[in-house]
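Have a look at the structure below before the remarks.
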Amino acid sequence: MRTNRPGIGADAFARLVEQAIARIPEEIRTYLDNVVISVKRRPSLDLLAEMGLAPDEPLFGVYLGVPLTERSASEPPLYPDAIHIFQEPLEACCATREELLEEIEITVVHEIAHFFGFSDEELEALGYG
């Protein structure tokens, strides 16, 4: 991790996430009406453990929900879908504000793609790993 990170305030970071979402084509954004996208400082230790990650391993974002490809009309999800974007790990891995914005965009697209049913392997092949 880098020590000269482009740390910014929570509000400014949230605006960068909003900018990344706004750049997603409208045809895709219409499917996100019932998806909560939030910014968190960092992932919890419980979440990292649940995902099989070490406490010091960076996690930029996570999708929590039932992907569209796995939904059933007769058994809808019990909870709303959520995407959490984690500010501290993103800032720690980026040297400049421009790099941070690019990594936020990649992370937002990555997590939205999970909502649509893409696997990590498929996203890696598309350059969003």
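Ligands are numbered from 1 in the order shown, chains are lettered A, B, ... in the order of the structure tokens, and residues start at 1 in each chain.
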
Pull the strand (DSSP E) assignments for chain A out of DSSP run on the backbone, and list those residues as a JSON list (two decimals) with all heavy atoms, in the first residue's frame.
[["chain", "number", "residue", "atom", "x", "y", "z"],
["A", 35, "VAL", "N", -31.33, -0.93, -6.17],
["A", 35, "VAL", "CA", -30.03, -1.30, -5.63],
["A", 35, "VAL", "C", -29.50, -0.10, -4.84],
["A", 35, "VAL", "O", -29.39, 1.00, -5.36],
["A", 35, "VAL", "CB", -29.03, -1.67, -6.75],
["A", 35, "VAL", "CG1", -27.66, -2.00, -6.17],
["A", 35, "VAL", "CG2", -29.55, -2.83, -7.58],
["A", 36, "VAL", "N", -29.18, -0.34, -3.58],
["A", 36, "VAL", "CA", -28.62, 0.71, -2.74],
["A", 36, "VAL", "C", -27.10, 0.70, -2.95],
["A", 36, "VAL", "O", -26.45, -0.33, -2.76],
["A", 36, "VAL", "CB", -28.94, 0.45, -1.25],
["A", 36, "VAL", "CG1", -28.27, 1.48, -0.36],
["A", 36, "VAL", "CG2", -30.43, 0.43, -1.03],
["A", 37, "ILE", "N", -26.55, 1.83, -3.38],
["A", 37, "ILE", "CA", -25.11, 1.96, -3.54],
["A", 37, "ILE", "C", -24.63, 2.93, -2.48],
["A", 37, "ILE", "O", -25.06, 4.09, -2.45],
["A", 37, "ILE", "CB", -24.73, 2.44, -4.95],
["A", 37, "ILE", "CG1", -25.25, 1.45, -6.00],
["A", 37, "ILE", "CG2", -23.21, 2.60, -5.06],
["A", 37, "ILE", "CD1", -25.01, 1.87, -7.44],
["A", 38, "SER", "N", -23.77, 2.44, -1.59],
["A", 38, "SER", "CA", -23.30, 3.28, -0.49],
["A", 38, "SER", "C", -21.79, 3.26, -0.38],
["A", 38, "SER", "O", -21.13, 2.35, -0.89],
["A", 38, "SER", "CB", -23.94, 2.83, 0.83],
["A", 38, "SER", "OG", -23.45, 1.55, 1.19],
["A", 39, "VAL", "N", -21.27, 4.27, 0.30],
["A", 39, "VAL", "CA", -19.84, 4.37, 0.56],
["A", 39, "VAL", "C", -19.61, 4.07, 2.03],
["A", 39, "VAL", "O", -20.32, 4.60, 2.89],
["A", 39, "VAL", "CB", -19.32, 5.78, 0.22],
["A", 39, "VAL", "CG1", -17.87, 5.95, 0.66],
["A", 39, "VAL", "CG2", -19.47, 6.06, -1.27],
["A", 40, "LYS", "N", -18.66, 3.21, 2.30],
["A", 40, "LYS", "CA", -18.26, 2.89, 3.67],
["A", 40, "LYS", "C", -16.77, 3.19, 3.80],
["A", 40, "LYS", "O", -16.03, 3.15, 2.82],
["A", 40, "LYS", "CB", -18.49, 1.40, 3.96],
["A", 40, "LYS", "CG", -19.90, 0.92, 3.68],
["A", 40, "LYS", "CD", -20.70, 0.94, 4.91],
["A", 40, "LYS", "CE", -22.06, 0.32, 4.62],
["A", 40, "LYS", "NZ", -23.05, 0.74, 5.53],
["A", 61, "GLY", "N", -14.83, -3.09, -3.00],
["A", 61, "GLY", "CA", -16.28, -3.03, -3.03],
["A", 61, "GLY", "C", -16.86, -4.41, -2.91],
["A", 61, "GLY", "O", -16.15, -5.42, -3.04],
["A", 62, "VAL", "N", -18.17, -4.46, -2.65],
["A", 62, "VAL", "CA", -18.84, -5.74, -2.54],
["A", 62, "VAL", "C", -20.30, -5.57, -2.97],
["A", 62, "VAL", "O", -20.91, -4.54, -2.72],
["A", 62, "VAL", "CB", -18.75, -6.32, -1.11],
["A", 62, "VAL", "CG1", -19.50, -5.46, -0.10],
["A", 62, "VAL", "CG2", -19.24, -7.75, -1.06],
["A", 63, "TYR", "N", -20.80, -6.59, -3.65],
["A", 63, "TYR", "CA", -22.23, -6.66, -4.00],
["A", 63, "TYR", "C", -22.87, -7.66, -3.07],
["A", 63, "TYR", "O", -22.39, -8.79, -2.93],
["A", 63, "TYR", "CB", -22.42, -7.10, -5.46],
["A", 63, "TYR", "CG", -23.82, -7.56, -5.75],
["A", 63, "TYR", "CD1", -24.88, -6.66, -5.75],
["A", 63, "TYR", "CD2", -24.10, -8.90, -5.98],
["A", 63, "TYR", "CE1", -26.18, -7.08, -5.99],
["A", 63, "TYR", "CE2", -25.40, -9.32, -6.22],
["A", 63, "TYR", "CZ", -26.42, -8.41, -6.21],
["A", 63, "TYR", "OH", -27.71, -8.83, -6.44],
["A", 64, "LEU", "N", -23.94, -7.27, -2.41],
["A", 64, "LEU", "CA", -24.68, -8.15, -1.52],
["A", 64, "LEU", "C", -26.11, -8.26, -2.04],
["A", 64, "LEU", "O", -26.82, -7.26, -2.11],
["A", 64, "LEU", "CB", -24.69, -7.59, -0.09],
["A", 64, "LEU", "CG", -23.31, -7.35, 0.54],
["A", 64, "LEU", "CD1", -23.44, -6.59, 1.84],
["A", 64, "LEU", "CD2", -22.59, -8.66, 0.74],
["A", 81, "ASP", "N", -30.99, -5.39, -2.79],
["A", 81, "ASP", "CA", -29.60, -5.52, -3.19],
["A", 81, "ASP", "C", -28.82, -4.30, -2.72],
["A", 81, "ASP", "O", -29.36, -3.20, -2.65],
["A", 81, "ASP", "CB", -29.51, -5.62, -4.71],
["A", 81, "ASP", "CG", -30.18, -6.87, -5.24],
["A", 81, "ASP", "OD1", -29.58, -7.94, -5.10],
["A", 81, "ASP", "OD2", -31.30, -6.77, -5.76],
["A", 82, "ALA", "N", -27.55, -4.51, -2.41],
["A", 82, "ALA", "CA", -26.70, -3.41, -1.95],
["A", 82, "ALA", "C", -25.30, -3.56, -2.54],
["A", 82, "ALA", "O", -24.80, -4.68, -2.71],
["A", 82, "ALA", "CB", -26.63, -3.39, -0.43],
["A", 83, "ILE", "N", -24.72, -2.43, -2.86],
["A", 83, "ILE", "CA", -23.33, -2.36, -3.27],
["A", 83, "ILE", "C", -22.65, -1.39, -2.31],
["A", 83, "ILE", "O", -23.13, -0.28, -2.11],
["A", 83, "ILE", "CB", -23.19, -1.87, -4.73],
["A", 83, "ILE", "CG1", -23.74, -2.91, -5.69],
["A", 83, "ILE", "CG2", -21.72, -1.55, -5.05],
["A", 83, "ILE", "CD1", -23.82, -2.46, -7.13],
["A", 84, "HIS", "N", -21.56, -1.85, -1.71],
["A", 84, "HIS", "CA", -20.78, -1.00, -0.82],
["A", 84, "HIS", "C", -19.42, -0.75, -1.48],
["A", 84, "HIS", "O", -18.76, -1.69, -1.91],
["A", 84, "HIS", "CB", -20.58, -1.64, 0.55],
["A", 84, "HIS", "CG", -21.85, -1.97, 1.26],
["A", 84, "HIS", "ND1", -22.79, -1.02, 1.59],
["A", 84, "HIS", "CD2", -22.36, -3.15, 1.67],
["A", 84, "HIS", "CE1", -23.81, -1.61, 2.19],
["A", 84, "HIS", "NE2", -23.58, -2.91, 2.24],
["A", 85, "ILE", "N", -19.03, 0.51, -1.53],
["A", 85, "ILE", "CA", -17.73, 0.92, -2.06],
["A", 85, "ILE", "C", -16.91, 1.38, -0.84],
["A", 85, "ILE", "O", -17.38, 2.20, -0.05],
["A", 85, "ILE", "CB", -17.87, 2.07, -3.08],
["A", 85, "ILE", "CG1", -18.85, 1.69, -4.21],
["A", 85, "ILE", "CG2", -16.50, 2.46, -3.63],
["A", 85, "ILE", "CD1", -18.45, 0.48, -5.03],
["A", 86, "PHE", "N", -15.69, 0.84, -0.69],
["A", 86, "PHE", "CA", -14.88, 1.08, 0.50],
["A", 86, "PHE", "C", -13.78, 2.12, 0.23],
["A", 86, "PHE", "O", -12.86, 1.87, -0.55],
["A", 86, "PHE", "CB", -14.30, -0.23, 1.00],
["A", 86, "PHE", "CG", -15.36, -1.23, 1.36],
["A", 86, "PHE", "CD1", -15.48, -2.41, 0.64],
["A", 86, "PHE", "CD2", -16.25, -0.98, 2.39],
["A", 86, "PHE", "CE1", -16.47, -3.33, 0.95],
["A", 86, "PHE", "CE2", -17.25, -1.90, 2.71],
["A", 86, "PHE", "CZ", -17.36, -3.07, 1.98]]

- Task: Tell me, as a ChimeraX atom specification, which residues lie within 12 Å of segment 123-127 of chain A, counting only C-alpha atoms; anything in the same chain fewer than 4 positions away does not count.
- Result: /A:103,106-107,109-114,116-119

Give me a file of those residues, with C-alpha atoms, as a short mmCIF file (atom, residue, chain, number, x, y, z; two decimals), in the first residue's frame.
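Result went into out.cif, see below:
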data_model
loop_
_atom_site.label_atom_id
_atom_site.label_comp_id
_atom_site.auth_asym_id
_atom_site.auth_seq_id
_atom_site.Cartn_x
_atom_site.Cartn_y
_atom_site.Cartn_z
CA GLU A 103 -10.29 2.71 -9.69
CA ILE A 106 -13.73 0.06 -12.23
CA THR A 107 -15.00 -0.99 -8.80
CA VAL A 109 -18.78 -1.35 -12.76
CA HIS A 110 -17.36 -4.57 -11.25
CA GLU A 111 -19.97 -4.66 -8.46
CA ILE A 112 -22.86 -3.71 -10.78
CA ALA A 113 -21.76 -6.52 -13.09
CA HIS A 114 -22.10 -8.95 -10.15
CA PHE A 116 -26.23 -8.65 -13.42
CA GLY A 117 -24.75 -12.10 -12.78
CA PHE A 118 -21.17 -11.82 -14.04
CA SER A 119 -18.59 -13.95 -12.23
#

- Using only C-alpha atoms, pick whichever of A:Leu90, A:Val108, A:Asp56, A:Glu99 has the shortest atom-to-atom distance to Arg29 of chain A.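 Using only C-alpha atoms, Arg29 of chain A sits closest to A:Val108.
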
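Nearest to Arg71 of chain A of all the residues A:Leu53, A:Ser44, A:Pro58, A:Phe115 is A:Phe115, counting only C-alpha atoms.
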
- Selected residue of minimal separation from Tyr79 of chain A among A:Phe60, A:Ala95, A:Val66, A:Glu102, counting only C-alpha atoms: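 The closest residue to Tyr79 of chain A is A:Val66.
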
- Record the distance separating atom CA of Gln87 of chain A and atom CA of Arg41 of chain A, expressed in Å with one decimal.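 Atom-to-atom, atom CA of Gln87 of chain A to atom CA of Arg41 of chain A, that is 5.0 Å.
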